[in-house]
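Enquirer: Provided below: data-v1.tsv, containing TSV, C-alpha atoms.
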```tsv
chain	number	residue	atom	x	y	z
J	1	MET	CA	-39.49	-49.12	60.90
J	2	ALA	CA	-40.18	-46.87	57.89
J	3	GLU	CA	-41.36	-48.61	54.76
J	4	ILE	CA	-38.81	-48.66	51.93
J	5	SER	CA	-40.17	-46.97	48.80
J	6	LYS	CA	-39.93	-48.67	45.42
J	7	LYS	CA	-38.25	-45.55	44.00
J	8	SER	CA	-35.39	-45.76	46.51
J	9	LEU	CA	-34.69	-49.31	45.30
J	10	GLN	CA	-34.40	-48.30	41.65
J	11	GLY	CA	-30.84	-48.10	40.35
J	12	LYS	CA	-30.23	-45.31	37.83
J	13	LYS	CA	-28.24	-46.91	35.03
J	14	ASN	CA	-27.93	-43.98	32.61
J	15	HIS	CA	-25.98	-41.13	34.15
J	16	HIS	CA	-25.98	-37.63	32.68
J	17	HIS	CA	-22.64	-35.87	33.06
J	18	VAL	CA	-24.37	-32.70	31.84
J	19	TRP	CA	-27.67	-31.88	33.51
J	20	ALA	CA	-30.57	-32.77	31.20
J	21	ASN	CA	-32.77	-29.99	32.62
J	22	TYR	CA	-30.02	-27.47	31.83
J	23	MET	CA	-29.91	-28.55	28.17
J	24	ARG	CA	-33.67	-27.97	27.85
J	25	ARG	CA	-33.04	-24.23	27.53
J	26	TRP	CA	-31.87	-25.02	23.99
J	27	ALA	CA	-35.05	-27.02	23.27
J	28	SER	CA	-37.88	-25.08	21.66
J	29	ASP	CA	-40.29	-27.84	22.73
J	30	ASN	CA	-38.64	-28.23	26.18
J	31	LYS	CA	-37.46	-31.70	25.15
J	32	ASN	CA	-35.41	-31.99	21.95
J	33	VAL	CA	-32.09	-30.32	21.12
J	34	PHE	CA	-29.71	-30.39	18.16
J	35	TYR	CA	-26.29	-31.92	18.80
J	36	THR	CA	-23.26	-33.39	17.09
J	37	THR	CA	-23.16	-37.16	17.32
J	38	LYS	CA	-20.68	-39.33	19.18
J	39	ASN	CA	-19.46	-41.25	16.13
J	40	ASN	CA	-19.38	-38.40	13.63
J	41	LYS	CA	-19.17	-34.75	14.66
J	42	ASN	CA	-20.24	-33.68	11.14
J	43	ILE	CA	-23.65	-35.26	11.67
J	44	VAL	CA	-26.18	-33.19	13.61
J	45	ARG	CA	-29.20	-34.91	15.10
J	46	LYS	CA	-32.25	-33.78	17.00
J	47	ASP	CA	-33.18	-35.86	20.00
J	48	SER	CA	-34.40	-35.73	23.58
J	49	VAL	CA	-32.03	-34.28	26.16
J	50	LYS	CA	-32.39	-37.63	27.93
J	51	ASN	CA	-30.14	-39.13	25.25
J	52	VAL	CA	-27.41	-36.45	25.13
J	53	ALA	CA	-24.24	-36.30	27.29
J	54	VAL	CA	-25.19	-39.53	29.03
J	55	GLU	CA	-23.08	-42.61	29.78
J	56	ARG	CA	-24.21	-45.92	31.22
J	57	HIS	CA	-22.93	-46.38	34.80
J	58	PHE	CA	-20.68	-43.30	34.51
J	59	TYR	CA	-20.87	-42.56	38.26
J	60	ARG	CA	-21.29	-46.15	39.40
J	61	VAL	CA	-19.66	-46.89	42.74
J	62	GLN	CA	-16.86	-49.43	42.34
J	63	PRO	CA	-15.11	-51.48	45.08
J	64	LEU	CA	-12.29	-49.60	46.79
J	65	THR	CA	-9.17	-51.54	47.71
J	66	ARG	CA	-6.58	-50.34	50.20
J	67	GLU	CA	-4.54	-49.01	47.27
J	68	HIS	CA	-7.53	-47.06	45.93
J	69	VAL	CA	-8.02	-45.47	49.34
J	70	GLN	CA	-4.34	-44.51	49.48
J	71	VAL	CA	-4.57	-42.85	46.07
J	72	ILE	CA	-7.72	-40.93	47.08
J	73	LYS	CA	-6.00	-39.75	50.25
J	74	ARG	CA	-2.94	-38.72	48.24
J	75	TRP	CA	-5.04	-36.56	45.91
J	76	SER	CA	-6.96	-35.15	48.88
J	77	SER	CA	-3.73	-34.23	50.71
J	78	GLU	CA	-3.19	-31.40	48.19
J	79	SER	CA	-6.35	-29.70	49.49
J	80	PRO	CA	-6.87	-27.37	52.48
J	81	GLU	CA	-7.37	-29.21	55.79
J	82	ASP	CA	-11.10	-28.48	56.07
J	83	LEU	CA	-11.67	-29.96	52.62
J	84	GLN	CA	-9.52	-32.98	53.44
J	85	GLU	CA	-11.78	-33.62	56.43
J	86	LEU	CA	-14.87	-33.33	54.22
J	87	HIS	CA	-13.36	-35.68	51.63
J	88	MET	CA	-12.60	-38.25	54.30
J	89	SER	CA	-16.11	-37.97	55.74
J	90	TYR	CA	-17.60	-38.79	52.33
J	91	LEU	CA	-15.04	-41.55	51.80
J	92	ASN	CA	-15.80	-43.15	55.18
J	93	ASP	CA	-19.50	-43.27	54.31
J	94	TYR	CA	-18.67	-45.32	51.21
J	95	LEU	CA	-16.25	-47.57	53.07
J	96	LYS	CA	-18.90	-48.31	55.71
J	97	MET	CA	-21.40	-49.27	53.02
J	98	GLN	CA	-18.77	-51.35	51.27
J	99	TYR	CA	-18.04	-53.16	54.54
J	100	MET	CA	-21.73	-53.86	55.16
J	101	ALA	CA	-22.07	-55.17	51.59
J	102	SER	CA	-19.10	-57.46	52.20
J	103	VAL	CA	-20.55	-58.79	55.47
J	104	TYR	CA	-23.91	-59.40	53.76
J	105	LYS	CA	-22.24	-61.31	50.91
J	106	GLN	CA	-20.16	-63.44	53.27
J	107	SER	CA	-23.25	-64.31	55.33
J	108	GLY	CA	-24.65	-66.38	52.47
J	109	ILE	CA	-28.09	-64.93	53.14
J	110	LYS	CA	-30.09	-63.94	50.06
J	111	ASP	CA	-32.62	-61.15	50.45
J	112	GLU	CA	-34.25	-59.49	47.45
J	113	VAL	CA	-34.73	-56.12	49.14
J	114	ALA	CA	-31.16	-56.06	50.44
J	115	ASP	CA	-29.84	-56.90	46.96
J	116	LYS	CA	-31.86	-54.08	45.43
J	117	MET	CA	-30.75	-51.61	48.12
J	118	LEU	CA	-27.08	-52.37	47.50
J	119	GLU	CA	-27.46	-52.15	43.74
J	120	ALA	CA	-29.30	-48.83	44.08
J	121	TRP	CA	-26.48	-47.54	46.30
J	122	ARG	CA	-23.87	-48.50	43.68
J	123	CYS	CA	-25.87	-46.89	40.87
J	124	ASN	CA	-27.18	-43.81	42.66
J	125	GLY	CA	-24.53	-42.82	45.21
J	126	ILE	CA	-22.74	-40.06	43.26
J	127	GLU	CA	-25.65	-39.43	40.91
J	128	ASN	CA	-27.84	-38.46	43.87
J	129	TYR	CA	-25.24	-35.94	45.06
J	130	HIS	CA	-25.35	-34.22	41.69
J	131	THR	CA	-29.15	-34.28	41.71
J	132	ALA	CA	-29.10	-32.54	45.11
J	133	HIS	CA	-26.78	-29.80	43.78
J	134	GLU	CA	-29.05	-29.34	40.77
J	135	ASP	CA	-32.14	-29.04	42.95
J	136	GLU	CA	-30.43	-26.32	45.01
J	137	VAL	CA	-29.85	-24.08	41.98
J	138	GLN	CA	-33.08	-24.56	40.00
J	139	ASP	CA	-34.38	-21.13	41.00
J	140	VAL	CA	-30.97	-19.50	40.64
J	141	LEU	CA	-30.53	-20.65	37.05
J	142	LYS	CA	-34.11	-19.67	36.22
J	143	ALA	CA	-33.48	-16.16	37.52
J	144	LEU	CA	-30.15	-15.85	35.68
J	145	ALA	CA	-31.76	-17.06	32.45
J	146	ASN	CA	-34.26	-14.22	32.98
J	147	ARG	CA	-31.32	-11.78	33.32
J	148	ASP	CA	-31.76	-11.31	37.05
J	149	LEU	CA	-28.40	-11.18	38.86
J	150	SER	CA	-29.90	-10.09	42.16
J	151	VAL	CA	-30.68	-13.74	42.98
J	152	LEU	CA	-26.99	-14.12	43.88
J	153	ASP	CA	-27.13	-11.33	46.47
J	154	ASP	CA	-28.37	-14.06	48.80
J	155	SER	CA	-25.24	-15.70	50.25
J	156	GLU	CA	-26.84	-19.15	50.43
J	157	ASN	CA	-27.75	-18.96	46.74
J	158	MET	CA	-24.18	-17.98	45.91
J	159	ILE	CA	-22.75	-20.87	47.97
J	160	HIS	CA	-25.01	-23.35	46.20
J	161	PHE	CA	-24.32	-21.87	42.78
J	162	MET	CA	-20.54	-21.92	43.19
J	163	GLN	CA	-20.71	-25.50	44.49
J	164	PHE	CA	-22.82	-26.45	41.47
J	165	PHE	CA	-20.50	-24.49	39.15
J	166	GLY	CA	-17.44	-26.40	40.36
J	167	HIS	CA	-19.12	-29.73	39.72
J	168	GLN	CA	-20.23	-28.68	36.23
J	169	ILE	CA	-16.54	-28.38	35.40
J	170	ALA	CA	-15.35	-31.61	37.02
J	171	ARG	CA	-18.26	-34.04	36.58
J	172	THR	CA	-18.05	-34.44	32.80
J	173	LYS	CA	-16.64	-37.29	30.74
J	174	ASN	CA	-14.48	-34.73	28.98
J	175	PHE	CA	-12.83	-33.69	32.26
J	176	LYS	CA	-12.21	-37.34	33.11
J	177	ASP	CA	-10.75	-38.12	29.68
J	178	LEU	CA	-8.48	-35.06	29.81
J	179	ALA	CA	-7.23	-35.97	33.28
J	180	ASN	CA	-6.53	-39.58	32.34
J	181	THR	CA	-4.86	-38.62	29.05
J	182	GLY	CA	-2.79	-35.96	30.79
J	183	MET	CA	-1.56	-38.42	33.42
J	184	GLY	CA	-0.57	-40.84	30.69
J	185	LYS	CA	1.42	-38.17	28.87
J	186	SER	CA	3.16	-37.10	32.10
J	187	ASN	CA	4.22	-40.69	32.72
J	188	GLU	CA	6.04	-40.75	29.39
J	189	LEU	CA	8.41	-38.08	30.73
J	190	ILE	CA	9.27	-40.00	33.90
J	191	ASP	CA	12.43	-42.03	34.36
J	192	GLU	CA	11.81	-45.61	33.27
J	193	ARG	CA	12.45	-46.91	36.81
J	194	LEU	CA	9.54	-44.86	38.13
J	195	ARG	CA	7.22	-45.22	35.14
J	196	ALA	CA	5.65	-48.51	36.23
J	197	LEU	CA	4.71	-47.02	39.59
J	198	ALA	CA	3.31	-43.86	37.98
J	199	GLU	CA	1.26	-45.92	35.51
J	200	HIS	CA	-0.09	-48.02	38.37
J	201	ILE	CA	-1.15	-44.88	40.26
J	202	ALA	CA	-2.80	-43.52	37.10
J	203	LYS	CA	-4.70	-46.80	36.69
J	204	LEU	CA	-5.91	-46.69	40.29
J	205	THR	CA	-6.95	-43.06	39.86
J	206	GLN	CA	-9.01	-43.95	36.80
J	207	GLU	CA	-10.67	-46.86	38.62
J	208	CYS	CA	-11.87	-44.65	41.47
J	209	TRP	CA	-12.51	-41.55	39.37
J	210	TRP	CA	-16.19	-41.80	40.33
J	211	PHE	CA	-15.07	-40.50	43.76
J	212	ILE	CA	-12.03	-38.40	42.81
J	213	GLY	CA	-13.95	-36.45	40.16
J	214	TYR	CA	-16.57	-35.49	42.74
J	215	MET	CA	-13.78	-34.50	45.13
J	216	PHE	CA	-12.29	-32.17	42.51
J	217	GLY	CA	-15.71	-30.57	41.99
J	218	MET	CA	-15.94	-29.88	45.72
J	219	ASN	CA	-12.52	-28.20	45.63
J	220	LEU	CA	-13.37	-26.04	42.62
J	221	GLY	CA	-16.66	-24.91	44.14
J	222	ARG	CA	-15.00	-23.90	47.40
J	223	SER	CA	-12.25	-21.99	45.61
J	224	LEU	CA	-14.72	-20.12	43.39
J	225	TYR	CA	-16.80	-19.12	46.39
J	226	LEU	CA	-13.83	-17.89	48.44
J	227	ASP	CA	-12.51	-15.89	45.48
J	228	ARG	CA	-15.91	-14.44	44.55
J	229	LYS	CA	-15.03	-10.89	45.65
J	230	ASP	CA	-11.68	-10.85	43.87
J	231	ASP	CA	-12.96	-12.42	40.64
J	232	VAL	CA	-15.27	-10.54	38.29
J	233	HIS	CA	-18.72	-12.15	38.07
J	234	CYS	CA	-20.92	-11.01	35.22
J	235	LEU	CA	-23.85	-11.96	33.06
J	236	LEU	CA	-23.32	-11.80	29.30
J	237	ILE	CA	-26.48	-10.74	27.46
J	238	ASN	CA	-26.67	-11.92	23.87
J	239	ASP	CA	-29.29	-10.08	21.81
J	240	THR	CA	-27.53	-10.79	18.51
J	241	VAL	CA	-28.85	-13.07	15.79
J	242	THR	CA	-26.20	-15.68	16.71
J	243	PRO	CA	-27.18	-17.77	19.74
J	244	PHE	CA	-24.84	-19.16	22.37
J	245	ILE	CA	-24.34	-22.89	22.04
J	246	THR	CA	-23.41	-25.30	24.83
J	247	SER	CA	-21.57	-28.62	24.95
J	248	ASP	CA	-20.72	-31.76	26.89
J	249	GLN	CA	-18.17	-29.57	28.69
J	250	PRO	CA	-20.54	-26.70	29.44
J	251	ILE	CA	-18.02	-24.59	31.37
J	252	ALA	CA	-14.78	-23.66	29.62
J	253	ASN	CA	-11.78	-21.49	30.43
J	254	VAL	CA	-11.84	-18.87	27.65
J	255	HIS	CA	-9.07	-16.55	28.93
J	256	GLN	CA	-7.64	-14.59	25.99
J	257	ALA	CA	-4.05	-15.52	26.86
J	258	LEU	CA	-4.76	-19.20	26.22
J	259	THR	CA	-4.03	-20.66	22.80
J	260	ASP	CA	-4.37	-24.08	21.23
J	261	GLU	CA	-0.91	-24.90	22.62
J	262	ILE	CA	-1.20	-27.52	25.35
J	263	LYS	CA	0.26	-26.14	28.55
J	264	PRO	CA	-1.08	-25.49	32.06
J	265	PRO	CA	-2.55	-22.00	32.43
J	266	GLU	CA	-1.07	-19.58	34.93
J	267	ASP	CA	-3.16	-18.99	38.06
J	268	HIS	CA	-4.46	-15.69	36.71
J	269	GLU	CA	-5.32	-17.11	33.28
J	270	CYS	CA	-8.81	-18.21	34.20
J	271	ASP	CA	-12.03	-16.85	32.72
J	272	PHE	CA	-14.83	-19.37	33.10
J	273	PHE	CA	-17.64	-19.13	30.56
J	274	TYR	CA	-20.96	-20.90	31.23
J	275	PRO	CA	-23.82	-20.47	28.74
J	276	ILE	CA	-27.15	-20.69	30.54
J	277	SER	CA	-29.37	-20.27	27.47
J	278	PRO	CA	-28.98	-19.20	23.84
J	279	ASN	CA	-29.19	-15.58	25.06
J	280	VAL	CA	-27.49	-15.53	28.46
J	281	ALA	CA	-24.15	-16.73	29.84
J	282	TYR	CA	-22.47	-16.46	33.23
J	283	MET	CA	-18.78	-15.63	33.52
J	284	ILE	CA	-16.27	-15.73	36.36
J	285	ASN	CA	-13.20	-13.78	35.26
J	286	LYS	CA	-9.79	-13.27	36.76
J	287	SER	CA	-9.11	-10.85	33.90
J	288	ASN	CA	-10.79	-7.48	33.58
J	289	ARG	CA	-12.19	-8.20	30.14
J	290	PHE	CA	-15.79	-7.68	31.23
J	291	PRO	CA	-17.08	-5.49	34.08
J	292	ARG	CA	-19.25	-6.75	36.90
J	293	GLY	CA	-22.98	-6.94	36.36
J	294	LYS	CA	-24.83	-7.32	33.08
J	295	VAL	CA	-22.90	-6.88	29.82
J	296	GLN	CA	-24.32	-6.68	26.31
J	297	VAL	CA	-22.01	-8.60	23.96
J	298	SER	CA	-21.38	-8.31	20.23
J	299	VAL	CA	-21.68	-11.10	17.68
J	300	ASP	CA	-17.87	-11.28	17.59
J	301	VAL	CA	-17.80	-12.16	21.28
J	302	VAL	CA	-20.59	-14.73	20.83
J	303	GLU	CA	-18.71	-16.42	17.99
J	304	GLU	CA	-15.47	-16.40	19.99
J	305	MET	CA	-17.13	-18.02	23.00
J	306	ASN	CA	-18.91	-20.62	20.86
J	307	THR	CA	-15.65	-21.52	19.11
J	308	LYS	CA	-13.74	-21.90	22.37
J	309	LEU	CA	-16.53	-23.96	23.91
J	310	ALA	CA	-16.58	-26.25	20.85
J	311	LYS	CA	-12.81	-26.77	21.06
J	312	LYS	CA	-13.15	-27.88	24.69
J	313	ALA	CA	-16.07	-30.22	23.90
J	314	ASN	CA	-15.60	-33.98	23.93
J	315	VAL	CA	-18.06	-35.12	21.24
J	316	HIS	CA	-21.23	-33.01	21.62
J	317	ILE	CA	-21.91	-29.38	20.92
J	318	ILE	CA	-25.54	-28.57	21.56
J	319	GLY	CA	-27.78	-25.88	20.10
J	320	ASP	CA	-31.30	-24.74	19.41
J	321	SER	CA	-30.97	-25.39	15.66
J	322	GLU	CA	-28.81	-27.28	13.19
J	323	GLU	CA	-27.77	-23.97	11.66
J	324	SER	CA	-26.39	-22.71	14.99
J	325	LEU	CA	-23.95	-25.64	15.18
J	326	LYS	CA	-22.63	-25.65	11.60
J	327	PRO	CA	-19.84	-23.06	12.05
J	328	TYR	CA	-18.43	-24.90	15.08
J	329	LYS	CA	-18.57	-28.60	14.19
J	330	LYS	CA	-15.00	-28.59	12.90
J	331	TYR	CA	-13.69	-27.52	16.30
J	332	VAL	CA	-15.22	-30.33	18.37
J	333	GLY	CA	-12.56	-32.36	20.17
J	334	VAL	CA	-9.65	-30.09	19.19
J	335	ASN	CA	-8.42	-29.71	22.77
J	336	LEU	CA	-8.65	-33.39	23.72
J	337	ASN	CA	-7.02	-34.47	20.46
J	338	ALA	CA	-4.17	-32.01	21.03
J	339	VAL	CA	-3.55	-33.46	24.49
J	340	LYS	CA	-3.51	-36.98	23.06
J	341	SER	CA	-1.00	-36.07	20.37
J	342	ALA	CA	1.21	-33.81	22.50
```
Show this structure as structure tokens.
Expert:
Amino acid sequence: MAEISKKSLQGKKNHHHVWANYMRRWASDNKNVFYTTKNNKNIVRKDSVKNVAVERHFYRVQPLTREHVQVIKRWSSESPEDLQELHMSYLNDYLKMQYMASVYKQSGIKDEVADKMLEAWRCNGIENYHTAHEDEVQDVLKALANRDLSVLDDSENMIHFMQFFGHQIARTKNFKDLANTGMGKSNELIDERLRALAEHIAKLTQECWWFIGYMFGMNLGRSLYLDRKDDVHCLLINDTVTPFITSDQPIANVHQALTDEIKPPEDHECDFFYPISPNVAYMINKSNRFPRGKVQVSVDVVEEMNTKLAKKANVHIIGDSEESLKPYKKYVGVNLNAVKSA
């Protein structure tokens, strides 16, 4: 029997919902970035990327009841059949572990290694999936940051990058907060007789968001990959004096038809903007605003993208200097606040 490593028994308590290694491209010392703080967006601090866009136990595995499983299956049922099968495969893995944990608890046996293994599984289950996606695109992101698009000519690289891209949209706290707030607002419009049921479903969804959020990321990644030849993929090159910033929602829909009005975008109103460094950003466009390949952008475009990214941020915008964040601080949280007050 293989020896169990100490590392595999360590539960990761602090979960980044934005990849720390990604944020390092805004760190002149490869460690510290400037960012707006959680309690006051007007305050800009400089700190290690280890302390930015991180929440304690954000992806922690929670017990799934029969009702939770029903809700997960209901959300999954909106997906194509092959994805539903994949969702259920992942779900069954968790249910098996949950069953084994239950049997162990009922046995009354106490074993230190077993306790640590179960705690590590609860802490690391989803976090390890995201780490695996990040590992798969390390070289891709490095090449893109160096303005090399040819790295995506390799179909395996493109599959991994689109999978990663989908999760960068859905894995964040901002995405979770928007989804939960949106469900709450929808329930207000429902007939009073059905409202209690809708609120119960929303509560269950929130409780198992650690799984549902990952499921949504899978769906987005698959869709982006299948549409890759119809959508316009390009690399925005920023050689202006104004750097790209990033945020705790690092990928934002910046389609020009979208306004601050809160309403679902049409299917074609989707231009995803993803800054990779202060000088380079990746875009997936359903519009024809930018051509395929590498595109030099003006300072007006940079400022527009930074503003839209800041509006979609939850609490953090992130930059390579305090000065780079000053024009955009006032926009942080605009989108989430508009949803809350709608």
Enquirer: Residues at most 7 Å from segment 5-16 of chain J, counting all atoms listed in the file, excluding those fewer than 3 positions away in the same chain, as a list in words?
Expert: Trp19, Ala20, Ala53, Val54, Glu55, Arg56, His57, Phe58, Tyr59, Lys116, Met117, Glu119, Ala120, Cys123, Asn124 and Glu127 of chain J
Enquirer: Give the answer as one residue: which of J:Phe211, J:Asp320, J:Ala281, J:Ile159 has the shortest atom-to-atom distance to Leu91 of chain J, using all atoms listed in the file?
Expert: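 Selected residue with least distance to Leu91 of chain J: J:Phe211.
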Enquirer: Extending 6 Å beyond the listed atoms of segment 149-153 of chain J on each side, what axis-aligned box results? I want centre and edge lengths in Å to one decimal, as JSON.
Expert:
```
{"center_x": -28.8, "center_y": -12.1, "center_z": 42.7, "size_x": 15.7, "size_y": 16.0, "size_z": 19.6}
```
Enquirer: Rank nothing, just name the residue among J:Arg228, J:His17, J:Lys46, J:Lys96 nearest to Ser155 of chain J, using only C-alpha atoms.
Expert: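 Of the candidates, the smallest distance to Ser155 of chain J is held by J:Arg228.
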Enquirer: For Leu220 of chain J, find every residue with an atom within 9 Å (counting all atoms listed in the file), except residues of its own chain fewer than 3 positions away, and show them as a VMD selection string.
Expert: chain J and resid 162 to 163 165 to 167 169 to 170 215 to 217 223 to 225
